[in-house]
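Below is upload-v7.csv, which holds CSV, C-alpha atoms (C1' of nucleotides).
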chain,number,residue,atom,x,y,z
A,1,MET,CA,-116.3,2.0,-90.8
A,2,GLN,CA,-119.1,4.3,-89.7
A,3,ASP,CA,-120.6,4.5,-93.1
A,4,ILE,CA,-121.0,0.8,-93.9
A,5,LEU,CA,-124.2,0.0,-95.7
A,6,PRO,CA,-126.9,-0.6,-93.0
A,7,LYS,CA,-129.5,-3.4,-93.3
A,8,GLU,CA,-132.0,-0.7,-94.4
A,9,PHE,CA,-130.1,-0.4,-97.6
A,10,PHE,CA,-130.9,-3.9,-98.6
A,11,GLU,CA,-134.5,-3.6,-97.5
A,12,LYS,CA,-135.3,-0.5,-99.5
A,13,TYR,CA,-134.8,-1.9,-103.0
A,14,ASP,CA,-136.3,-4.7,-104.9
A,15,THR,CA,-134.0,-7.4,-106.2
A,16,LEU,CA,-133.4,-5.9,-109.6
A,17,SER,CA,-132.8,-2.4,-108.1
A,18,LEU,CA,-130.5,-3.8,-105.5
A,19,ALA,CA,-128.4,-5.6,-108.1
A,20,ARG,CA,-127.8,-2.2,-109.8
A,21,HIS,CA,-127.2,-0.3,-106.6
A,22,LEU,CA,-124.6,-2.8,-105.4
A,23,LEU,CA,-122.5,-2.0,-108.3
A,24,GLY,CA,-119.7,0.3,-107.2
A,25,CYS,CA,-120.0,-0.7,-103.6
A,26,THR,CA,-117.0,-2.1,-101.9
A,27,LEU,CA,-117.2,-5.5,-100.3
A,28,VAL,CA,-114.9,-5.9,-97.3
A,29,HIS,CA,-113.8,-9.0,-95.4
A,30,ASN,CA,-111.6,-8.4,-92.4
A,31,SER,CA,-110.4,-11.9,-91.8
A,32,PRO,CA,-107.9,-13.3,-89.3
A,33,GLU,CA,-105.3,-13.5,-92.1
A,34,GLY,CA,-105.8,-9.9,-93.1
A,35,LEU,CA,-108.2,-7.5,-94.8
A,36,THR,CA,-109.4,-7.9,-98.3
A,37,ALA,CA,-111.7,-5.6,-100.2
A,38,GLY,CA,-113.0,-5.2,-103.7
A,39,ILE,CA,-115.5,-3.1,-105.6
A,40,ILE,CA,-118.5,-4.9,-106.8
A,41,VAL,CA,-118.4,-4.6,-110.6
A,42,GLU,CA,-120.8,-7.4,-111.7
A,43,THR,CA,-124.0,-8.8,-110.3
A,44,GLU,CA,-126.9,-11.0,-111.3
A,45,ALA,CA,-130.4,-11.0,-110.0
A,46,TYR,CA,-132.3,-14.1,-109.2
A,47,LEU,CA,-136.0,-13.7,-108.7
A,48,GLN,CA,-138.8,-15.8,-107.2
A,49,ASN,CA,-140.5,-16.5,-110.5
A,50,ASP,CA,-137.2,-17.2,-112.3
A,51,PRO,CA,-136.5,-20.8,-113.4
A,52,ALA,CA,-132.8,-20.4,-112.8
A,53,CYS,CA,-133.3,-19.4,-109.2
A,54,HIS,CA,-132.6,-22.0,-106.6
A,55,ALA,CA,-135.7,-20.9,-104.7
A,56,TYR,CA,-137.9,-21.2,-107.8
A,57,ARG,CA,-139.6,-24.4,-106.7
A,58,LYS,CA,-139.7,-24.4,-103.0
A,59,LYS,CA,-137.8,-23.8,-99.8
A,60,THR,CA,-135.2,-26.5,-99.0
A,61,PRO,CA,-132.4,-26.8,-96.4
A,62,ARG,CA,-130.0,-25.9,-99.1
A,63,ASN,CA,-131.6,-22.6,-100.2
A,64,ALA,CA,-133.0,-21.7,-96.8
A,65,ALA,CA,-130.7,-18.7,-96.6
A,66,MET,CA,-132.5,-17.2,-99.6
A,67,PHE,CA,-135.6,-16.9,-97.6
A,68,GLU,CA,-133.9,-14.9,-94.9
A,69,LYS,CA,-134.0,-11.1,-94.5
A,70,PRO,CA,-132.4,-8.9,-97.1
A,71,GLY,CA,-128.7,-8.4,-96.5
A,72,ILE,CA,-128.1,-12.0,-95.4
A,73,SER,CA,-125.4,-13.9,-97.3
A,74,TYR,CA,-126.3,-17.0,-99.2
A,75,VAL,CA,-123.2,-19.1,-100.0
A,76,TYR,CA,-123.4,-22.4,-101.7
A,77,PHE,CA,-121.2,-25.0,-103.3
A,78,ILE,CA,-121.5,-25.8,-107.0
A,79,TYR,CA,-120.0,-28.3,-109.4
A,80,GLY,CA,-118.2,-29.9,-106.5
A,81,VAL,CA,-115.5,-27.3,-106.8
A,82,TYR,CA,-116.4,-23.7,-106.2
A,83,HIS,CA,-118.6,-21.6,-104.1
A,84,CYS,CA,-120.9,-18.7,-105.1
A,85,PHE,CA,-121.7,-15.7,-103.0
A,86,ASN,CA,-125.2,-14.1,-103.0
A,87,ILE,CA,-126.8,-11.4,-101.0
A,88,VAL,CA,-130.4,-12.0,-100.2
A,89,SER,CA,-132.8,-9.3,-101.3
A,90,GLY,CA,-136.5,-8.5,-101.6
A,91,GLN,CA,-138.8,-9.1,-98.7
A,92,LYS,CA,-138.2,-11.9,-96.2
A,93,ASP,CA,-139.5,-15.3,-97.4
A,94,THR,CA,-139.6,-14.3,-101.1
A,95,GLY,CA,-136.5,-16.3,-101.9
A,96,GLU,CA,-134.7,-13.7,-104.0
A,97,ALA,CA,-131.0,-12.8,-104.1
A,98,VAL,CA,-128.3,-11.0,-105.9
A,99,LEU,CA,-125.3,-13.0,-107.1
A,100,ILE,CA,-122.0,-11.2,-106.9
A,101,ARG,CA,-120.1,-12.2,-110.0
A,102,ALA,CA,-117.0,-10.1,-110.0
A,103,LEU,CA,-114.9,-7.6,-107.9
A,104,GLU,CA,-112.2,-5.1,-108.7
A,105,PRO,CA,-109.5,-5.8,-106.0
A,106,VAL,CA,-108.7,-2.7,-104.0
A,107,ASP,CA,-107.2,-3.9,-100.7
A,108,GLY,CA,-105.3,-7.0,-99.4
A,109,ILE,CA,-104.2,-7.8,-103.0
A,110,GLU,CA,-101.2,-9.7,-101.8
A,111,LEU,CA,-103.5,-11.9,-99.7
A,112,MET,CA,-105.8,-12.4,-102.6
A,113,GLN,CA,-102.9,-13.4,-104.8
A,114,GLN,CA,-101.8,-15.9,-102.2
A,115,ARG,CA,-105.2,-17.4,-101.9
A,116,ARG,CA,-105.8,-17.6,-105.6
A,117,GLY,CA,-102.3,-18.7,-106.5
A,118,THR,CA,-101.9,-16.2,-109.2
A,119,THR,CA,-100.4,-12.7,-109.5
A,120,GLN,CA,-102.6,-11.5,-112.3
A,121,LEU,CA,-104.7,-8.7,-111.0
A,122,LYS,CA,-107.4,-9.1,-113.5
A,123,ASN,CA,-107.7,-12.8,-112.8
A,124,LEU,CA,-108.1,-12.5,-109.0
A,125,CYS,CA,-111.9,-11.8,-108.7
A,126,SER,CA,-113.2,-12.0,-112.3
A,127,GLY,CA,-115.8,-14.7,-111.6
A,128,PRO,CA,-118.0,-15.9,-108.8
A,129,GLY,CA,-115.9,-18.8,-107.8
A,130,LYS,CA,-112.7,-16.7,-108.0
A,131,LEU,CA,-113.8,-13.8,-105.9
A,132,VAL,CA,-115.1,-16.1,-103.2
A,133,THR,CA,-111.6,-17.7,-103.0
A,134,ALA,CA,-109.8,-14.4,-103.1
A,135,MET,CA,-111.9,-12.9,-100.4
A,136,GLY,CA,-111.6,-16.0,-98.2
A,137,ILE,CA,-115.3,-16.6,-98.2
A,138,ASN,CA,-116.5,-20.1,-97.3
A,139,ARG,CA,-119.6,-22.0,-96.4
A,140,ASP,CA,-119.6,-20.6,-92.9
A,141,PHE,CA,-120.6,-17.3,-94.5
A,142,ASN,CA,-124.0,-18.7,-95.2
A,143,PHE,CA,-126.6,-16.7,-93.2
A,144,LEU,CA,-124.0,-14.1,-92.2
A,145,PRO,CA,-125.3,-10.6,-92.6
A,146,VAL,CA,-123.2,-8.4,-94.9
A,147,TYR,CA,-123.4,-5.7,-92.3
A,148,SER,CA,-121.3,-7.6,-89.8
A,149,HIS,CA,-118.3,-6.2,-88.0
A,150,HIS,CA,-115.7,-8.1,-90.0
A,151,PHE,CA,-117.7,-8.5,-93.2
A,152,TYR,CA,-119.6,-5.5,-94.8
A,153,CYS,CA,-120.2,-3.3,-97.7
A,154,LEU,CA,-119.2,0.4,-98.3
A,155,PRO,CA,-121.3,2.7,-100.4
A,156,PRO,CA,-120.1,3.6,-103.9
A,157,LYS,CA,-118.2,6.8,-104.5
A,158,ASP,CA,-119.9,7.4,-107.8
A,159,GLU,CA,-123.6,7.7,-107.2
A,160,ASN,CA,-124.6,7.2,-110.9
A,161,PRO,CA,-122.2,4.8,-112.5
A,162,GLU,CA,-122.7,3.7,-116.1
A,163,ILE,CA,-124.3,0.3,-115.9
A,164,VAL,CA,-124.7,-2.2,-118.7
A,165,THR,CA,-127.7,-4.6,-118.5
A,166,THR,CA,-127.3,-7.9,-120.3
A,167,THR,CA,-128.1,-11.6,-120.1
A,168,ARG,CA,-126.8,-13.9,-117.4
A,169,ILE,CA,-123.9,-16.3,-117.9
A,170,GLY,CA,-123.5,-20.0,-117.3
A,171,ILE,CA,-127.1,-21.0,-116.8
A,172,THR,CA,-129.4,-23.0,-119.0
A,173,ARG,CA,-132.8,-21.8,-117.9
A,174,GLY,CA,-134.1,-18.3,-118.1
A,175,ALA,CA,-130.9,-17.5,-120.1
A,176,ASP,CA,-132.7,-14.8,-122.1
A,177,LEU,CA,-133.6,-12.6,-119.1
A,178,LEU,CA,-131.7,-9.4,-118.7
A,179,TYR,CA,-130.8,-9.9,-115.1
A,180,ARG,CA,-127.0,-9.3,-115.3
A,181,PHE,CA,-125.5,-5.9,-114.6
A,182,TYR,CA,-122.0,-4.6,-114.7
A,183,LEU,CA,-120.1,-1.4,-114.7
A,184,LYS,CA,-119.5,-0.2,-118.2
A,185,GLY,CA,-115.9,-0.5,-119.4
A,186,ASN,CA,-114.7,-2.2,-116.2
A,187,GLN,CA,-112.0,-4.7,-117.0
A,188,PHE,CA,-112.6,-6.9,-114.0
A,189,VAL,CA,-115.9,-8.3,-115.0
A,190,SER,CA,-115.9,-12.1,-115.6
A,191,LYS,CA,-116.7,-11.8,-119.2
A,192,ILE,CA,-117.4,-8.9,-121.5
A,193,VAL,CA,-120.1,-9.8,-123.8
A,194,LYS,CA,-120.2,-8.0,-127.1
A,195,GLU,CA,-123.3,-5.9,-127.6
A,196,LYS,CA,-126.0,-7.7,-129.3
A,197,PRO,CA,-126.8,-6.6,-132.8
A,198,ALA,CA,-130.4,-5.5,-133.2
A,199,ALA,CA,-132.8,-8.4,-133.3
A,200,PRO,CA,-134.0,-9.3,-136.8
B,201,DC,C1',-114.1,-28.0,-126.4
B,202,DT,C1',-114.1,-31.1,-121.9
B,203,DA,C1',-113.2,-33.0,-117.3
B,204,DA,C1',-113.5,-32.6,-112.5
B,205,DT,C1',-116.3,-32.7,-108.4
B,206,DG,C1',-120.0,-32.8,-104.3
B,207,DA,C1',-124.4,-31.5,-102.7
B,208,DT,C1',-129.0,-31.7,-103.6
B,209,DG,C1',-134.0,-32.8,-104.9
B,210,DA,C1',-136.8,-36.0,-107.1
B,211,DA,C1',-138.2,-40.4,-108.0
B,212,DC,C1',-138.0,-44.7,-107.2
B,213,DT,C1',-138.2,-49.3,-104.0
C,214,DG,C1',-132.8,-46.0,-98.1
C,215,DT,C1',-130.9,-45.7,-102.8
C,216,DT,C1',-129.9,-44.0,-107.2
C,217,DC,C1',-129.7,-40.5,-110.7
C,218,DA,C1',-129.7,-36.2,-113.2
C,219,DT,C1',-128.7,-31.5,-112.4
C,220,DC,C1',-125.9,-27.4,-111.4
C,221,DA,C1',-125.6,-19.8,-111.0
C,222,DT,C1',-117.8,-22.8,-112.7
C,223,DT,C1',-113.0,-23.0,-113.7
C,224,DA,C1',-108.7,-24.6,-115.7
C,225,DG,C1',-106.4,-26.4,-119.3
C,226,DG,C1',-105.7,-27.6,-124.3

Once more with this new file: its structure as structure tokens, please.
Amino acid sequence: MQDILPKEFFEKYDTLSLARHLLGCTLVHNSPEGLTAGIIVETEAYLQNDPACHAYRKKTPRNAAMFEKPGISYVYFIYGVYHCFNIVSGQKDTGEAVLIRALEPVDGIELMQQRRGTTQLKNLCSGPGKLVTAMGINRDFNFLPVYSHHFYCLPPKDENPEIVTTTRIGITRGADLLYRFYLKGNQFVSKIVKEKPAAP
DNA sequence: CTAATGATGAACT
DNA sequence: GTTCATCATTAGG
């Protein structure tokens, strides 16, 4: 684990760049129950001036983690049912983050299946709420750096993966912004959107 | 398509 | 202090 991504990695990119550079990285959680890991195949960027961003208006206790240093986790509860996992990005106090939307399971798959209650590989981490469950992430991960000993990222093997840029999913505001990125052709993304026909 | 579900911020008194 | 609308989702039909 000598080559985990250091905090400098998260500091050197702006939010949109980081969202792209995180694709292909492996997210690892070494929990007491066992180790789980998955390749990040889908991300979304949330910027300061973006109406869909939690930090769009102002700093609150809930979104405080978004104003932390880059590389800090921001985990929050949504719809009373599921959690979403973000990695803070940009400069400290800017309130920007990258939402991890999907993983390709690579390690601890049995444990993921156990936690998710399904054996379908493609269904384990294909969505923000799902991957959080599969990886055993919970609210305690809020403020936890993703360069911790038991929770960290590994660099991608492919330096220049093919990345598709598209619109975000499941939000009502800022829905036309191209802030969603995923690895082209990967089957583990939450939803494969057909390419838009050329605008009239 | 819809229900389920809880935390939150904003807008009241 | 209380109430209400909102929310970056998922599962099930």

Counting all atoms listed in the file, a student should be able to say which residues of chain A come within 7 Å of chain C; what is the right answer, written as a list in words?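 Output check: Ile78, Tyr79, Tyr82, Gly129, Gly170 and Ile171 of chain A.
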
Distance filter 12 Å, all atoms listed in the file, chain A against chain B, as an MDAnalysis selection string: chainID A and resid 54 57:63 76:83

Please compute the CA of Cys25 in chain A-CA of Ala52 in chain A distance, one decimal, in Å. 25.2 Å

When you look at Tyr74 in chain A with a cut-off of 10 Å (counting all atoms listed in the file), what residues show up, excluding the ones that are within fewer than 6 positions of it in the same chain? I need them as a list in words.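 Returned residues: Arg62, Asn63, Ala64, Ala65, Met66, Phe67, Glu68, Cys84, Phe85, Asn86, Ile87, Val88, Ala97, Val98, Leu99, Arg139, Asp140, Phe141, Asn142, Phe143, Leu144 and Pro145 of chain A.
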
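Restricting the calculation to all atoms listed in the file, the smallest distance between Phe188 in chain A and any of A:Glu11, A:Glu110, A:Glu104, A:Glu159 is found for A:Glu104.
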
Could you tell me how far CA of Gln48 in chain A sits from CA of Phe181 in chain A, in Å to one decimal place?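 Result for CA of Phe181 in chain A versus CA of Gln48 in chain A: 18.2 Å, one decimal.
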
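Interatomic distance, CA of Ser89 in chain A to CA of Gly71 in chain A: 6.4 Å.
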
Can you tell me, as a PyMOL selection string, what residues are no more than 10 Å from Leu16 in chain A when counting all atoms listed in the file, ignoring any on the same chain fewer than 4 positions away? chain A and resi 20-21+43-47+89-90+96-98+178-181

Name the closest residue to Gln114 in chain A among the candidates A:Thr172, A:Val146, A:Thr36, A:Ile4; distances are taken between atoms, counting only C-alpha atoms.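 Result for the nearest residue to Gln114 in chain A: A:Thr36.
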
Quick one: residues within 12 Å of (-111.1, -5.3, -117.5) (file frame), counting only C-alpha atoms (C1' of nucleotides), please, as a PyMOL selection string. chain A and resi 41-42+102-105+120-126+182-193

Residue rebuild result range 47-69 of chain A, N, CA, C and O atoms as a PDB file, in the coordinates of the input:
ATOM      1  N   LEU A  47    -134.718 -14.005-109.235  1.00  0.00           N
ATOM      2  CA  LEU A  47    -136.000 -13.700-108.700  1.00  0.00           C
ATOM      3  C   LEU A  47    -136.840 -14.946-108.416  1.00  0.00           C
ATOM      4  O   LEU A  47    -136.512 -16.038-108.857  1.00  0.00           O
ATOM      5  N   GLN A  48    -137.900 -14.709-107.669  1.00  0.00           N
ATOM      6  CA  GLN A  48    -138.800 -15.800-107.200  1.00  0.00           C
ATOM      7  C   GLN A  48    -139.366 -16.587-108.364  1.00  0.00           C
ATOM      8  O   GLN A  48    -139.449 -17.800-108.315  1.00  0.00           O
ATOM      9  N   ASN A  49    -139.766 -15.866-109.397  1.00  0.00           N
ATOM     10  CA  ASN A  49    -140.500 -16.500-110.500  1.00  0.00           C
ATOM     11  C   ASN A  49    -139.506 -16.867-111.655  1.00  0.00           C
ATOM     12  O   ASN A  49    -139.910 -16.974-112.794  1.00  0.00           O
ATOM     13  N   ASP A  50    -138.222 -17.006-111.309  1.00  0.00           N
ATOM     14  CA  ASP A  50    -137.200 -17.200-112.300  1.00  0.00           C
ATOM     15  C   ASP A  50    -136.749 -18.660-112.303  1.00  0.00           C
ATOM     16  O   ASP A  50    -136.319 -19.178-111.286  1.00  0.00           O
ATOM     17  N   PRO A  51    -136.858 -19.349-113.410  1.00  0.00           N
ATOM     18  CA  PRO A  51    -136.500 -20.800-113.400  1.00  0.00           C
ATOM     19  C   PRO A  51    -135.093 -21.095-113.073  1.00  0.00           C
ATOM     20  O   PRO A  51    -134.791 -22.223-112.689  1.00  0.00           O
ATOM     21  N   ALA A  52    -134.215 -20.125-113.179  1.00  0.00           N
ATOM     22  CA  ALA A  52    -132.800 -20.400-112.800  1.00  0.00           C
ATOM     23  C   ALA A  52    -132.541 -20.174-111.354  1.00  0.00           C
ATOM     24  O   ALA A  52    -131.455 -20.482-110.879  1.00  0.00           O
ATOM     25  N   CYS A  53    -133.516 -19.670-110.631  1.00  0.00           N
ATOM     26  CA  CYS A  53    -133.300 -19.400-109.200  1.00  0.00           C
ATOM     27  C   CYS A  53    -133.419 -20.656-108.381  1.00  0.00           C
ATOM     28  O   CYS A  53    -134.284 -21.493-108.625  1.00  0.00           O
ATOM     29  N   HIS A  54    -132.534 -20.797-107.424  1.00  0.00           N
ATOM     30  CA  HIS A  54    -132.600 -22.000-106.600  1.00  0.00           C
ATOM     31  C   HIS A  54    -133.891 -22.059-105.799  1.00  0.00           C
ATOM     32  O   HIS A  54    -134.320 -23.138-105.435  1.00  0.00           O
ATOM     33  N   ALA A  55    -134.487 -20.917-105.539  1.00  0.00           N
ATOM     34  CA  ALA A  55    -135.700 -20.900-104.700  1.00  0.00           C
ATOM     35  C   ALA A  55    -136.950 -20.951-105.627  1.00  0.00           C
ATOM     36  O   ALA A  55    -138.064 -20.750-105.157  1.00  0.00           O
ATOM     37  N   TYR A  56    -136.753 -21.224-106.896  1.00  0.00           N
ATOM     38  CA  TYR A  56    -137.900 -21.200-107.800  1.00  0.00           C
ATOM     39  C   TYR A  56    -138.958 -22.197-107.440  1.00  0.00           C
ATOM     40  O   TYR A  56    -140.136 -21.904-107.500  1.00  0.00           O
ATOM     41  N   ARG A  57    -138.557 -23.376-107.020  1.00  0.00           N
ATOM     42  CA  ARG A  57    -139.600 -24.400-106.700  1.00  0.00           C
ATOM     43  C   ARG A  57    -140.084 -24.264-105.269  1.00  0.00           C
ATOM     44  O   ARG A  57    -141.224 -23.963-105.053  1.00  0.00           O
ATOM     45  N   LYS A  58    -139.235 -24.489-104.326  1.00  0.00           N
ATOM     46  CA  LYS A  58    -139.700 -24.400-103.000  1.00  0.00           C
ATOM     47  C   LYS A  58    -138.510 -24.245-102.002  1.00  0.00           C
ATOM     48  O   LYS A  58    -137.367 -24.414-102.402  1.00  0.00           O
ATOM     49  N   LYS A  59    -138.831 -23.990-100.770  1.00  0.00           N
ATOM     50  CA  LYS A  59    -137.800 -23.800 -99.800  1.00  0.00           C
ATOM     51  C   LYS A  59    -137.234 -25.184 -99.363  1.00  0.00           C
ATOM     52  O   LYS A  59    -137.974 -26.124 -99.088  1.00  0.00           O
ATOM     53  N   THR A  60    -135.918 -25.281 -99.348  1.00  0.00           N
ATOM     54  CA  THR A  60    -135.200 -26.500 -99.000  1.00  0.00           C
ATOM     55  C   THR A  60    -134.126 -26.133 -97.986  1.00  0.00           C
ATOM     56  O   THR A  60    -133.774 -24.967 -97.867  1.00  0.00           O
ATOM     57  N   PRO A  61    -133.535 -27.123 -97.327  1.00  0.00           N
ATOM     58  CA  PRO A  61    -132.400 -26.800 -96.400  1.00  0.00           C
ATOM     59  C   PRO A  61    -131.289 -26.090 -97.138  1.00  0.00           C
ATOM     60  O   PRO A  61    -130.649 -25.208 -96.595  1.00  0.00           O
ATOM     61  N   ARG A  62    -131.079 -26.467 -98.385  1.00  0.00           N
ATOM     62  CA  ARG A  62    -130.000 -25.900 -99.100  1.00  0.00           C
ATOM     63  C   ARG A  62    -130.188 -24.384 -99.385  1.00  0.00           C
ATOM     64  O   ARG A  62    -129.291 -23.565 -99.190  1.00  0.00           O
ATOM     65  N   ASN A  63    -131.383 -24.025 -99.855  1.00  0.00           N
ATOM     66  CA  ASN A  63    -131.600 -22.600-100.200  1.00  0.00           C
ATOM     67  C   ASN A  63    -132.266 -21.823 -99.131  1.00  0.00           C
ATOM     68  O   ASN A  63    -132.732 -20.720 -99.376  1.00  0.00           O
ATOM     69  N   ALA A  64    -132.313 -22.362 -97.925  1.00  0.00           N
ATOM     70  CA  ALA A  64    -133.000 -21.700 -96.800  1.00  0.00           C
ATOM     71  C   ALA A  64    -132.555 -20.277 -96.626  1.00  0.00           C
ATOM     72  O   ALA A  64    -133.351 -19.397 -96.296  1.00  0.00           O
ATOM     73  N   ALA A  65    -131.267 -20.035 -96.846  1.00  0.00           N
ATOM     74  CA  ALA A  65    -130.700 -18.700 -96.600  1.00  0.00           C
ATOM     75  C   ALA A  65    -131.399 -17.673 -97.541  1.00  0.00           C
ATOM     76  O   ALA A  65    -131.510 -16.498 -97.198  1.00  0.00           O
ATOM     77  N   MET A  66    -131.851 -18.130 -98.696  1.00  0.00           N
ATOM     78  CA  MET A  66    -132.500 -17.200 -99.600  1.00  0.00           C
ATOM     79  C   MET A  66    -133.796 -16.659 -99.124  1.00  0.00           C
ATOM     80  O   MET A  66    -134.320 -15.683 -99.646  1.00  0.00           O
ATOM     81  N   PHE A  67    -134.359 -17.329 -98.152  1.00  0.00           N
ATOM     82  CA  PHE A  67    -135.600 -16.900 -97.600  1.00  0.00           C
ATOM     83  C   PHE A  67    -135.445 -16.047 -96.352  1.00  0.00           C
ATOM     84  O   PHE A  67    -136.411 -15.714 -95.681  1.00  0.00           O
ATOM     85  N   GLU A  68    -134.211 -15.744 -96.070  1.00  0.00           N
ATOM     86  CA  GLU A  68    -133.900 -14.900 -94.900  1.00  0.00           C
ATOM     87  C   GLU A  68    -134.161 -13.428 -95.244  1.00  0.00           C
ATOM     88  O   GLU A  68    -134.577 -13.087 -96.338  1.00  0.00           O
ATOM     89  N   LYS A  69    -133.792 -12.589 -94.286  1.00  0.00           N
ATOM     90  CA  LYS A  69    -134.000 -11.100 -94.500  1.00  0.00           C
ATOM     91  C   LYS A  69    -132.989 -10.647 -95.548  1.00  0.00           C
ATOM     92  O   LYS A  69    -131.948 -11.250 -95.778  1.00  0.00           O
TER      93      LYS A  69
END
